[in-house]
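One file, run-v1.txt, carrying compact mmCIF, C-alpha atoms:
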# COMPACT_ATOMS: atom_id res chain seq x y z
CA MET A 1 1.18 -37.42 -22.07
CA ASN A 2 -2.38 -36.30 -23.00
CA LYS A 3 -3.35 -36.48 -19.35
CA MET A 4 -0.40 -34.23 -18.43
CA HIS A 5 -1.29 -31.67 -21.09
CA TYR A 6 -4.91 -31.72 -19.96
CA ARG A 7 -3.85 -31.15 -16.36
CA ALA A 8 -1.44 -28.38 -17.34
CA GLY A 9 -4.15 -26.69 -19.36
CA LYS A 10 -6.62 -27.00 -16.51
CA ILE A 11 -4.17 -25.40 -14.07
CA ARG A 12 -3.55 -22.57 -16.51
CA VAL A 13 -7.28 -21.94 -16.86
CA LEU A 14 -7.78 -21.96 -13.09
CA LEU A 15 -4.89 -19.56 -12.49
CA SER A 16 -6.15 -17.23 -15.22
CA PHE A 17 -9.64 -17.32 -13.71
CA ALA A 18 -8.25 -16.55 -10.25
CA ALA A 19 -6.22 -13.65 -11.62
CA ILE A 20 -9.27 -12.21 -13.42
CA ILE A 21 -11.54 -12.52 -10.35
CA THR A 22 -8.87 -10.91 -8.13
CA SER A 23 -8.42 -8.05 -10.57
CA ILE A 24 -12.18 -7.45 -10.74
CA CYS A 25 -12.48 -7.45 -6.93
CA VAL A 26 -9.54 -5.09 -6.41
CA GLY A 27 -10.65 -2.83 -9.22
CA SER A 28 -14.24 -2.59 -8.01
CA MET A 29 -12.98 -1.86 -4.49
CA PHE A 30 -11.07 1.16 -5.68
CA VAL A 31 -13.86 2.33 -7.98
CA SER A 32 -16.41 1.96 -5.18
CA SER A 33 -14.22 3.90 -2.77
CA PHE A 34 -13.75 6.80 -5.13
CA ASN A 35 -17.43 6.80 -6.08
CA GLN A 36 -18.45 7.13 -2.44
CA VAL A 37 -16.01 9.92 -1.74
CA ASN A 38 -17.06 11.67 -4.91
CA ALA A 39 -20.68 11.41 -3.78
CA LEU A 40 -19.80 13.03 -0.48
CA VAL A 41 -17.77 15.71 -2.21
CA GLN A 42 -20.77 16.37 -4.45
CA SER A 43 -23.20 16.64 -1.53
CA SER A 44 -20.79 18.90 0.31
CA GLU A 45 -20.55 21.09 -2.75
CA ASN A 46 -24.36 21.22 -2.87
CA ASN A 47 -24.43 22.42 0.76
CA GLY A 48 -22.16 25.25 -0.23
CA ASN A 49 -20.77 27.66 2.35
CA ASN A 50 -22.89 26.60 5.28
CA ASN A 51 -21.59 26.15 8.78
CA ASN A 52 -23.87 23.14 9.17
CA ASN A 53 -21.89 21.36 6.49
CA LYS A 54 -20.52 18.28 8.26
CA LEU A 55 -17.05 18.98 6.90
CA SER A 56 -16.95 22.62 8.02
CA LEU A 57 -14.31 23.77 10.50
CA HIS A 58 -17.05 25.00 12.83
CA THR A 59 -18.85 21.62 12.89
CA LEU A 60 -15.71 19.54 13.31
CA ILE A 61 -14.33 21.69 16.16
CA GLN A 62 -17.70 21.48 17.90
CA GLN A 63 -17.46 17.71 17.65
CA GLY A 64 -14.09 17.80 19.41
CA SER A 65 -11.56 17.63 16.59
CA PRO A 66 -8.19 19.09 17.59
CA LEU A 67 -7.16 22.19 15.66
CA LEU A 68 -3.69 23.26 14.59
CA GLY A 69 -3.31 26.84 13.44
CA SER A 70 -5.55 29.85 13.32
CA PRO A 71 -9.35 29.32 13.34
CA SER A 72 -9.62 32.25 10.94
CA ALA A 73 -7.56 30.57 8.19
CA THR A 74 -9.59 30.19 5.01
CA ILE A 75 -8.33 26.75 4.01
CA THR A 76 -8.65 23.66 6.20
CA ILE A 77 -6.89 20.30 5.97
CA VAL A 78 -8.73 17.46 7.70
CA GLU A 79 -6.39 14.55 8.44
CA PHE A 80 -7.91 11.11 9.03
CA GLY A 81 -5.22 9.12 10.79
CA ASP A 82 -4.29 6.26 13.07
CA PHE A 83 -1.31 6.53 15.42
CA GLN A 84 -0.25 2.96 14.55
CA CYS A 85 -0.22 3.57 10.79
CA PRO A 86 3.28 3.63 9.21
CA PHE A 87 2.17 5.89 6.37
CA CYS A 88 0.61 8.33 8.85
CA ASP A 89 4.01 8.29 10.58
CA ARG A 90 5.67 9.12 7.25
CA PHE A 91 3.29 12.07 6.73
CA ALA A 92 3.86 13.36 10.27
CA LYS A 93 7.65 13.33 9.83
CA GLU A 94 8.12 14.23 6.16
CA THR A 95 5.20 16.38 5.07
CA GLU A 96 3.39 17.88 8.05
CA PRO A 97 6.40 19.99 9.16
CA LEU A 98 6.59 21.53 5.67
CA ILE A 99 2.85 22.27 5.60
CA ASN A 100 3.12 23.72 9.11
CA GLN A 101 6.03 25.97 8.25
CA THR A 102 4.71 27.13 4.86
CA TYR A 103 0.99 27.48 5.41
CA ILE A 104 -0.15 26.93 9.01
CA GLN A 105 2.27 29.27 10.75
CA THR A 106 1.55 31.94 8.14
CA GLY A 107 -2.16 31.76 8.91
CA LYS A 108 -3.23 30.59 5.45
CA VAL A 109 -4.25 27.06 6.44
CA ASN A 110 -5.34 25.26 9.57
CA MET A 111 -5.47 21.54 10.20
CA LEU A 112 -7.89 19.26 12.03
CA PHE A 113 -7.39 15.66 13.09
CA GLU A 114 -10.04 12.96 12.88
CA HIS A 115 -9.42 9.52 14.39
CA PHE A 116 -9.67 6.74 11.84
CA THR A 117 -8.70 3.82 14.08
CA ILE A 118 -8.49 0.83 11.77
CA TYR A 119 -5.54 -1.07 13.21
CA GLY A 120 -6.93 -2.53 16.39
CA PRO A 121 -7.32 -1.95 20.13
CA ASP A 122 -4.05 -0.06 20.68
CA SER A 123 -5.13 2.47 18.04
CA ILE A 124 -8.27 3.22 20.01
CA THR A 125 -6.31 3.62 23.27
CA ALA A 126 -3.86 5.99 21.61
CA ALA A 127 -6.73 7.97 20.09
CA ILE A 128 -8.44 8.33 23.48
CA ALA A 129 -5.15 9.41 25.06
CA SER A 130 -4.63 12.07 22.39
CA GLN A 131 -8.13 13.47 22.97
CA CYS A 132 -7.36 13.63 26.70
CA THR A 133 -4.34 15.81 25.93
CA ASN A 134 -6.57 17.95 23.71
CA ASP A 135 -8.53 18.90 26.86
CA GLN A 136 -5.37 20.71 27.95
CA GLY A 137 -4.45 22.02 24.51
CA LYS A 138 -1.59 19.54 24.11
CA PHE A 139 -2.92 17.24 21.37
CA TRP A 140 -0.26 18.11 18.83
CA ASN A 141 2.49 17.57 21.41
CA LEU A 142 1.33 13.99 21.92
CA TYR A 143 0.80 13.62 18.15
CA ASN A 144 4.51 14.29 17.60
CA ILE A 145 5.61 12.11 20.53
CA LEU A 146 3.54 9.13 19.36
CA TYR A 147 4.81 9.27 15.80
CA ASN A 148 8.40 9.69 16.99
CA ASN A 149 8.01 6.56 19.13
CA GLN A 150 5.83 4.44 16.87
CA GLY A 151 6.39 0.72 17.32
CA SER A 152 5.08 -2.40 15.55
CA VAL A 153 1.35 -2.66 15.14
CA ASN A 154 -0.49 -3.86 18.28
CA SER A 155 2.82 -4.78 19.92
CA GLY A 156 1.93 -2.93 23.10
CA TRP A 157 3.95 0.20 22.37
CA ALA A 158 0.67 2.18 22.70
CA SER A 159 -0.53 0.50 25.86
CA LYS A 160 -2.10 2.65 28.58
CA ASP A 161 1.07 2.54 30.68
CA ASN A 162 3.28 3.62 27.77
CA LEU A 163 0.85 6.36 26.79
CA LYS A 164 1.01 7.72 30.35
CA LYS A 165 4.81 7.70 30.11
CA PHE A 166 4.69 9.53 26.78
CA ALA A 167 2.25 12.10 28.14
CA SER A 168 4.43 12.73 31.17
CA LYS A 169 7.06 14.15 28.78
CA ILE A 170 4.74 16.97 27.67
CA PRO A 171 5.68 20.20 29.43
CA GLY A 172 2.80 21.79 31.32
CA LEU A 173 0.48 18.78 31.12
CA ASP A 174 -1.51 17.92 34.25
CA THR A 175 -0.68 14.21 34.29
CA GLN A 176 -3.18 13.38 37.03
CA LYS A 177 -6.01 14.84 34.99
CA PHE A 178 -4.72 13.07 31.87
CA ASN A 179 -4.40 9.69 33.61
CA SER A 180 -7.88 9.96 35.03
CA CYS A 181 -9.28 10.84 31.60
CA LEU A 182 -7.47 7.92 29.96
CA ASP A 183 -8.46 5.41 32.61
CA SER A 184 -12.12 6.43 32.43
CA GLY A 185 -12.24 6.00 28.62
CA LYS A 186 -13.96 9.36 28.45
CA TYR A 187 -13.43 9.83 24.72
CA LEU A 188 -14.25 6.34 23.50
CA SER A 189 -17.54 7.47 21.95
CA LEU A 190 -15.86 10.43 20.23
CA VAL A 191 -13.25 8.11 18.70
CA GLN A 192 -15.98 5.70 17.60
CA ASN A 193 -17.96 8.58 16.09
CA ASP A 194 -14.86 9.73 14.19
CA LEU A 195 -14.42 6.20 12.82
CA ALA A 196 -18.07 6.08 11.74
CA PHE A 197 -17.73 9.50 10.11
CA ALA A 198 -14.63 8.44 8.15
CA THR A 199 -16.38 5.25 7.06
CA SER A 200 -19.45 7.22 5.97
CA LEU A 201 -17.19 9.31 3.76
CA GLY A 202 -16.08 6.13 1.98
CA LEU A 203 -12.51 6.35 3.22
CA GLN A 204 -10.76 2.97 3.19
CA GLY A 205 -7.26 3.61 4.40
CA THR A 206 -4.99 5.88 6.36
CA PRO A 207 -3.89 8.53 6.16
CA ALA A 208 -6.49 10.41 4.17
CA PHE A 209 -6.79 14.17 3.79
CA ILE A 210 -9.60 16.46 2.80
CA ILE A 211 -8.43 19.91 1.75
CA GLU A 212 -11.30 22.37 1.65
CA LYS A 213 -12.49 25.86 2.30
CA SER A 214 -13.04 26.32 6.03
CA ASP A 215 -16.81 26.35 5.57
CA GLY A 216 -16.58 22.81 4.23
CA SER A 217 -17.12 23.72 0.59
CA ASN A 218 -15.02 22.64 -2.37
CA PRO A 219 -13.40 19.62 -0.70
CA GLU A 220 -10.64 17.66 -2.42
CA LEU A 221 -9.45 14.27 -1.25
CA LEU A 222 -5.87 13.02 -0.98
CA PRO A 223 -6.06 9.34 0.03
CA GLY A 224 -2.56 8.53 1.19
CA ALA A 225 0.72 9.91 2.52
CA TYR A 226 1.15 12.38 -0.31
CA PRO A 227 4.36 14.42 -0.36
CA PHE A 228 4.45 18.17 0.13
CA PRO A 229 4.26 19.14 -3.60
CA SER A 230 0.84 17.45 -3.87
CA PHE A 231 -0.52 19.45 -0.94
CA LYS A 232 1.09 22.62 -2.25
CA ALA A 233 -0.57 22.22 -5.64
CA ILE A 234 -4.04 21.95 -4.11
CA ILE A 235 -3.59 24.55 -1.39
CA ASP A 236 -2.15 27.14 -3.79
CA LYS A 237 -5.06 26.52 -6.15
CA LYS A 238 -7.57 27.06 -3.33
CA ILE A 239 -5.80 30.16 -2.04
CA GLY A 240 -5.91 31.49 -5.59
CA GLY A 241 -9.67 30.96 -5.64
CA GLY A 242 -9.76 27.61 -7.43
CA MET B 1 25.07 -22.83 -6.54
CA ASN B 2 27.32 -25.02 -8.69
CA LEU B 3 28.92 -24.29 -12.03
CA ALA B 4 26.34 -26.24 -14.03
CA ALA B 5 23.51 -24.23 -12.49
CA LEU B 6 25.28 -20.96 -13.25
CA GLN B 7 25.95 -22.09 -16.80
CA SER B 8 22.29 -22.98 -17.35
CA ILE B 9 21.20 -19.57 -16.03
CA ILE B 10 23.64 -17.76 -18.36
CA LEU B 11 22.71 -19.96 -21.33
CA SER B 12 18.96 -19.53 -20.82
CA ALA B 13 19.41 -15.76 -20.45
CA LYS B 14 21.31 -15.72 -23.78
CA LEU B 15 18.64 -17.89 -25.37
CA VAL B 16 15.82 -15.58 -24.34
CA PHE B 17 17.22 -12.09 -23.88
CA LEU B 18 19.28 -11.80 -27.04
CA LYS B 19 15.95 -11.51 -28.87
CA TRP B 20 14.55 -8.01 -28.72
CA PRO B 21 10.83 -8.92 -28.33
CA TYR B 22 11.62 -10.66 -25.07
CA ILE B 23 13.74 -7.78 -23.83
CA LEU B 24 10.85 -5.43 -24.64
CA LEU B 25 8.36 -7.70 -22.90
CA ALA B 26 10.57 -8.01 -19.81
CA GLY B 27 11.02 -4.23 -19.76
CA ALA B 28 7.30 -3.57 -20.09
CA ILE B 29 6.36 -6.04 -17.33
CA THR B 30 9.12 -4.64 -15.09
CA GLY B 31 7.83 -1.12 -15.71
CA ILE B 32 4.23 -2.04 -14.92
CA PHE B 33 5.20 -3.76 -11.68
CA TRP B 34 7.56 -0.93 -10.73
CA ILE B 35 4.70 1.55 -11.06
CA MET B 36 2.31 -0.72 -9.16
CA PHE B 37 4.72 -1.33 -6.27
CA ASN B 38 5.56 2.34 -5.89
CA VAL B 39 1.91 3.39 -6.01
CA PHE B 40 1.12 0.83 -3.30
CA ASP B 41 4.14 1.96 -1.27
CA GLN B 42 2.88 5.56 -1.58
CA LEU B 43 6.10 6.69 -3.22
CA LEU B 44 4.61 7.43 -6.64
CA PHE B 45 1.55 9.62 -7.01
CA ILE B 46 -0.29 10.34 -10.23
CA SER B 47 -2.54 13.18 -9.10
CA PRO B 48 -2.83 16.09 -8.50
CA VAL B 49 0.73 16.23 -9.87
CA VAL B 50 2.94 13.30 -10.85
CA THR B 51 5.34 13.02 -7.93
CA PHE B 52 7.90 10.49 -6.83
CA TYR B 53 9.67 10.78 -3.53
CA LEU B 54 11.81 8.46 -1.45
CA PRO B 55 11.76 9.14 2.29
CA ASP B 56 14.37 7.47 4.49
CA ASP B 57 11.95 4.92 5.91
CA ALA B 58 11.13 3.62 2.42
CA VAL B 59 14.63 2.99 1.01
CA GLU B 60 14.83 -0.67 2.03
CA GLY B 61 11.42 -1.50 0.61
CA PHE B 62 12.19 0.42 -2.57
CA ILE B 63 15.32 -1.62 -3.23
CA LEU B 64 13.44 -4.88 -2.65
CA SER B 65 10.54 -3.83 -4.87
CA ASN B 66 12.94 -2.89 -7.67
CA ILE B 67 14.56 -6.34 -7.50
CA THR B 68 11.10 -7.95 -7.50
CA ALA B 69 9.92 -5.94 -10.52
CA VAL B 70 13.00 -6.94 -12.54
CA LEU B 71 12.61 -10.61 -11.58
CA VAL B 72 8.92 -10.66 -12.47
CA GLY B 73 9.72 -9.14 -15.87
CA ALA B 74 12.45 -11.67 -16.53
CA VAL B 75 10.41 -14.68 -15.41
CA VAL B 76 7.31 -13.66 -17.39
CA SER B 77 9.41 -13.14 -20.50
CA MET B 78 11.05 -16.54 -20.10
CA ASN B 79 7.67 -18.16 -19.56
CA VAL B 80 6.35 -16.60 -22.75
CA TYR B 81 9.43 -17.92 -24.59
CA VAL B 82 8.81 -21.39 -23.21
CA ILE B 83 5.11 -21.36 -24.10
CA ARG B 84 5.87 -20.25 -27.64
CA HIS B 85 8.54 -22.86 -28.23
CA THR B 86 7.40 -25.91 -26.30
CA ASN B 87 4.33 -27.71 -25.03
CA ARG B 88 5.42 -27.13 -21.45
CA MET B 89 2.71 -24.66 -20.46
CA LYS B 90 2.84 -25.48 -16.78
CA MET B 91 6.55 -24.75 -16.39
CA GLY B 92 7.21 -22.09 -13.82
CA ILE B 93 3.67 -20.70 -13.86
CA LEU B 94 2.92 -21.67 -10.27
CA SER B 95 6.12 -20.21 -8.84
CA LEU B 96 5.72 -17.08 -11.01
CA PHE B 97 2.15 -16.60 -9.79
CA SER B 98 2.99 -17.22 -6.14
CA GLY B 99 6.12 -15.07 -6.25
CA SER B 100 4.46 -12.11 -7.93
CA SER B 101 1.27 -12.38 -5.83
CA LEU B 102 3.29 -12.48 -2.64
CA SER B 103 5.31 -9.46 -3.72
CA VAL B 104 2.19 -7.45 -4.58
CA LEU B 105 0.55 -8.43 -1.29
CA SER B 106 3.59 -7.51 0.75
CA SER B 107 4.22 -4.29 -1.10
CA THR B 108 1.21 -2.58 0.39
CA CYS B 109 0.92 -1.40 3.94
CA ALA B 110 -1.92 -3.83 4.43
CA SER B 111 -3.43 -2.14 7.41
CA CYS B 112 -3.23 1.34 5.93
CA SER B 113 -4.78 0.45 2.63
CA SER B 114 -8.12 -0.71 1.36
CA LEU B 115 -6.94 -4.30 1.73
CA GLY B 116 -6.67 -3.92 5.50
CA PHE B 117 -10.02 -2.16 5.70
CA LEU B 118 -11.60 -4.96 3.66
CA LEU B 119 -10.00 -7.63 5.84
CA ILE B 120 -11.11 -5.98 9.07
CA SER B 121 -14.63 -5.13 7.98
CA THR B 122 -15.16 -8.63 6.55
CA LEU B 123 -13.33 -10.79 9.07
CA GLY B 124 -13.38 -8.67 12.22
CA GLY B 125 -10.79 -9.81 14.77
CA LEU B 126 -9.26 -12.29 12.33
CA GLY B 127 -8.90 -9.45 9.84
CA VAL B 128 -7.03 -7.35 12.41
CA THR B 129 -4.64 -10.28 12.96
CA ALA B 130 -4.14 -10.79 9.21
CA SER B 131 -3.54 -7.12 8.45
CA THR B 132 -1.23 -6.80 11.47
CA PHE B 133 0.76 -9.79 10.22
CA LEU B 134 1.03 -8.39 6.70
CA THR B 135 2.19 -5.02 8.02
CA THR B 136 4.61 -6.33 10.65
CA TYR B 137 6.24 -8.93 8.40
CA GLN B 138 6.19 -6.85 5.22
CA MET B 139 9.97 -6.99 4.69
CA PRO B 140 10.39 -10.74 5.31
CA LEU B 141 7.46 -11.38 2.95
CA ARG B 142 9.16 -9.32 0.26
CA VAL B 143 12.38 -11.25 0.71
CA ILE B 144 10.46 -14.55 0.47
CA SER B 145 8.75 -13.38 -2.72
CA ILE B 146 12.17 -12.56 -4.22
CA LEU B 147 13.43 -16.03 -3.29
CA VAL B 148 10.35 -17.63 -4.88
CA LEU B 149 10.92 -15.63 -8.06
CA ILE B 150 14.61 -16.56 -8.11
CA TRP B 151 13.56 -20.20 -7.80
CA ALA B 152 11.09 -19.70 -10.68
CA TYR B 153 13.86 -18.21 -12.80
CA TYR B 154 16.25 -21.02 -11.96
CA SER B 155 13.60 -23.71 -12.64
CA ILE B 156 12.86 -22.36 -16.08
CA SER B 157 16.56 -21.92 -16.86
CA ARG B 158 17.28 -25.51 -15.92
CA LYS B 159 14.48 -26.92 -18.02
CA LEU B 160 15.33 -24.73 -21.00
CA THR B 161 18.89 -25.98 -21.09
CA ARG B 162 18.62 -29.57 -19.94
CA SER B 163 20.05 -32.32 -22.12
CA CYS B 164 17.74 -33.77 -24.76
CA ILE B 165 16.45 -37.28 -25.26
CA LEU B 166 17.51 -39.20 -28.35
CA ASN B 167 15.01 -41.52 -29.96
CA TYR B 168 15.93 -43.95 -32.72
CA ASP B 169 13.26 -44.16 -35.41
CA LEU B 170 13.30 -47.68 -36.90
CA SER B 171 11.09 -46.91 -39.90
CA SER B 172 13.26 -44.12 -41.23
CA ASN B 173 16.47 -45.56 -39.82
CA SER B 174 17.34 -42.23 -38.24
CA ILE B 175 17.91 -40.66 -34.90
CA GLN B 176 15.08 -38.34 -33.90
CA GLN B 177 16.71 -35.78 -31.69
CA LYS B 178 14.10 -34.21 -29.49
CA SER B 179 15.60 -30.92 -28.43
CA CYS B 180 13.98 -28.71 -25.82
CA MET B 181 13.08 -26.12 -28.40
CA SER B 182 12.57 -27.99 -31.67
CA GLU B 183 12.49 -31.38 -33.33
CA GLU B 184 15.26 -32.19 -35.77
CA THR B 185 15.92 -35.31 -37.73
CA LEU B 186 19.49 -36.43 -38.02
CA ASP B 187 20.56 -38.97 -40.61

Please render this file's structure as structure tokens.
Amino acid sequence: MNKMHYRAGKIRVLLSFAAIITSICVGSMFVSSFNQVNALVQSSENNGNNNNNKLSLHTLIQQGSPLLGSPSATITIVEFGDFQCPFCDRFAKETEPLINQTYIQTGKVNMLFEHFTIYGPDSITAAIASQCTNDQGKFWNLYNILYNNQGSVNSGWASKDNLKKFASKIPGLDTQKFNSCLDSGKYLSLVQNDLAFATSLGLQGTPAFIIEKSDGSNPELLPGAYPFPSFKAIIDKKIGGG
Amino acid sequence: MNLAALQSIILSAKLVFLKWPYILLAGAITGIFWIMFNVFDQLLFISPVVTFYLPDDAVEGFILSNITAVLVGAVVSMNVYVIRHTNRMKMGILSLFSGSSLSVLSSTCASCSSLGFLLISTLGGLGVTASTFLTTYQMPLRVISILVLIWAYYSISRKLTRSCILNYDLSSNSIQQKSCMSEETLD
């Protein structure tokens, strides 16, 4: 009986220890992530309204980020996404249309996309394909098509052949030019640079959004598929001068 | 499930949940897990404004996470009752731990979240496989965690209400009835 009690007590101690260690690891992960993003936000705030600010609209467009909306809008949303991410899919279907209708089409806000390809090889292929459509001004068409046809992660739904089929549905797209761009892997380095940029910001999941003034100042982070009211609260505050 | 099993579940529930501290404890644990699951599922947001929303693609998962939260609350409460009233500290702990851990793990979109990033950056290709598995089989994992928690609940119920062993004490010429909850001496 004593042996059984001793064993039971030992198991309880081990389980408690495991739970404590797990909690510390998970907690420090989140704290570390927010600390890094806060550090970037701080340094961006120190740069102020400077078009060399690495988060500025000017800098990001120069680096090849696709733009939705008017370049003269004063508020910019930078989306860090992966076409295989289910939460990014949720944002694209539930929230982005509302932001588009309320703020982008009225010229108050514009939106940029940065590739944060964390799921695997199919994510990279899809990202390259989307940049190829951006050459012809059709990025956001493929953005919608991919999220409307999202399959299971790395199941092959975003293979090169399927991406070519998806792209062929875009009206006005030169499919020969697109296919050649995709086959050559022209934008692999851009996608890799986007991934490195997102990592340098301390981002650890998709989707993630930075809402900022278009010169890159006063950035605020939303790490996740936040619903429209969350975006509205921040955007309205920034439009009001906050 | 036979009648005896059902009776032991009902009896153990009466034993534990007719006492308000255990109802409070179960409610508190359920609440904590409900918040945790919905934050991980990106349905509940604390900042910049407290928001809860339920898109169509999340309804299934929401129902499963609600069931899980209630089960975790009930099982933890029953475990506390058992620990307070018996020496059986090991009872149900392993199934509680595995059931609740599995449900927490499966409640996140592993690849979208920090967990996936940690897996991939630490384990490389193996991390991609692990996070893909957790994301693709999220629903089956949640169902398995519910089954594990149901088993934990049933195990504790059975042991709480099982028949007791009678020992005859020669020195005092009495029957020492060892009940599951307390020791009584019968003359």

- prompt: What lies within 10 Å of Phe113 in chain A using all atoms listed in the file, ignoring chain neighbours under 6 positions off, as number ranges by chain?
  reply: A: 60-61, 64-68, 77-82, 139-140, 143, 194, 209

message: My list of candidates is B:Ile10, B:Ile46, B:Leu25, B:Leu15. Which is closest to chain A when distances are computed with only C-alpha atoms?
response: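 The closest residue to chain A is B:Ile46.
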
message: Set the distance at 12 Å and use all atoms listed in the file: which residues neighbour Val59 in chain B once local chain neighbours fewer than 6 positions away are removed? I'd like the list as JSON, numbers by chain.
response: {"B": [38, 41, 43, 53, 65, 66, 139]}

message: Can you measure CA of Ala198 in chain A to CA of Tyr103 in chain A for me? One decimal in Å is fine.
response: 24.8 Å

message: Can you measure CA of Lys160 in chain A to CA of Ala208 in chain A for me? One decimal in Å is fine.
response: 26.0 Å

query: Given the choices B:Thr132, B:Ser77, B:Asn2, B:Gln7, which gets closest to chain A if the distance is worked out from only C-alpha atoms?
result: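 Smallest separation from chain A among the options: B:Thr132.
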
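Among the candidate residues A:Val109, A:Leu203, A:Ala167, A:Leu142, the one lying nearest to Lys238 in chain A is A:Val109, with distances computed using only C-alpha atoms.
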
message: Would you mind listing, as a list in words, all residues of chain A that have at least one atom within 7 Å of chain B, where only C-alpha atoms are what counts?
response: Ala8, Cys85, Ile118, Tyr119, Gly120, Ser152, Val153, Gln204, Gly205, Thr206, Gly224, Ala225 and Ser230 of chain A

query: CA of Trp157 in chain A and CA of Lys186 in chain A are how many Å apart?
result: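 Interatomic distance here is 21.0 Å.
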
- request: Might you pull out every residue within 9 Å of range 173-183 of chain A, with all atoms listed in the file counted and same-chain residues fewer than 2 positions away left off, and present them as a list in words?
  value: Thr125, Ile128, Ala129, Gln131, Cys132, Thr133, Asp135, Gln136, Gly137, Lys138, Lys160, Lys164, Ala167, Ser168, Lys169, Ile170, Pro171, Gly185, Lys186 and Tyr187 of chain A

message: If we count all atoms listed in the file and set the cut-off at 12 Å, which residues sit around Leu98 in chain A, ignoring sequence neighbours fewer than 4 positions away in its own chain? Please answer as a ChimeraX atom specification.
response: /A:91-94,102-106,227-232
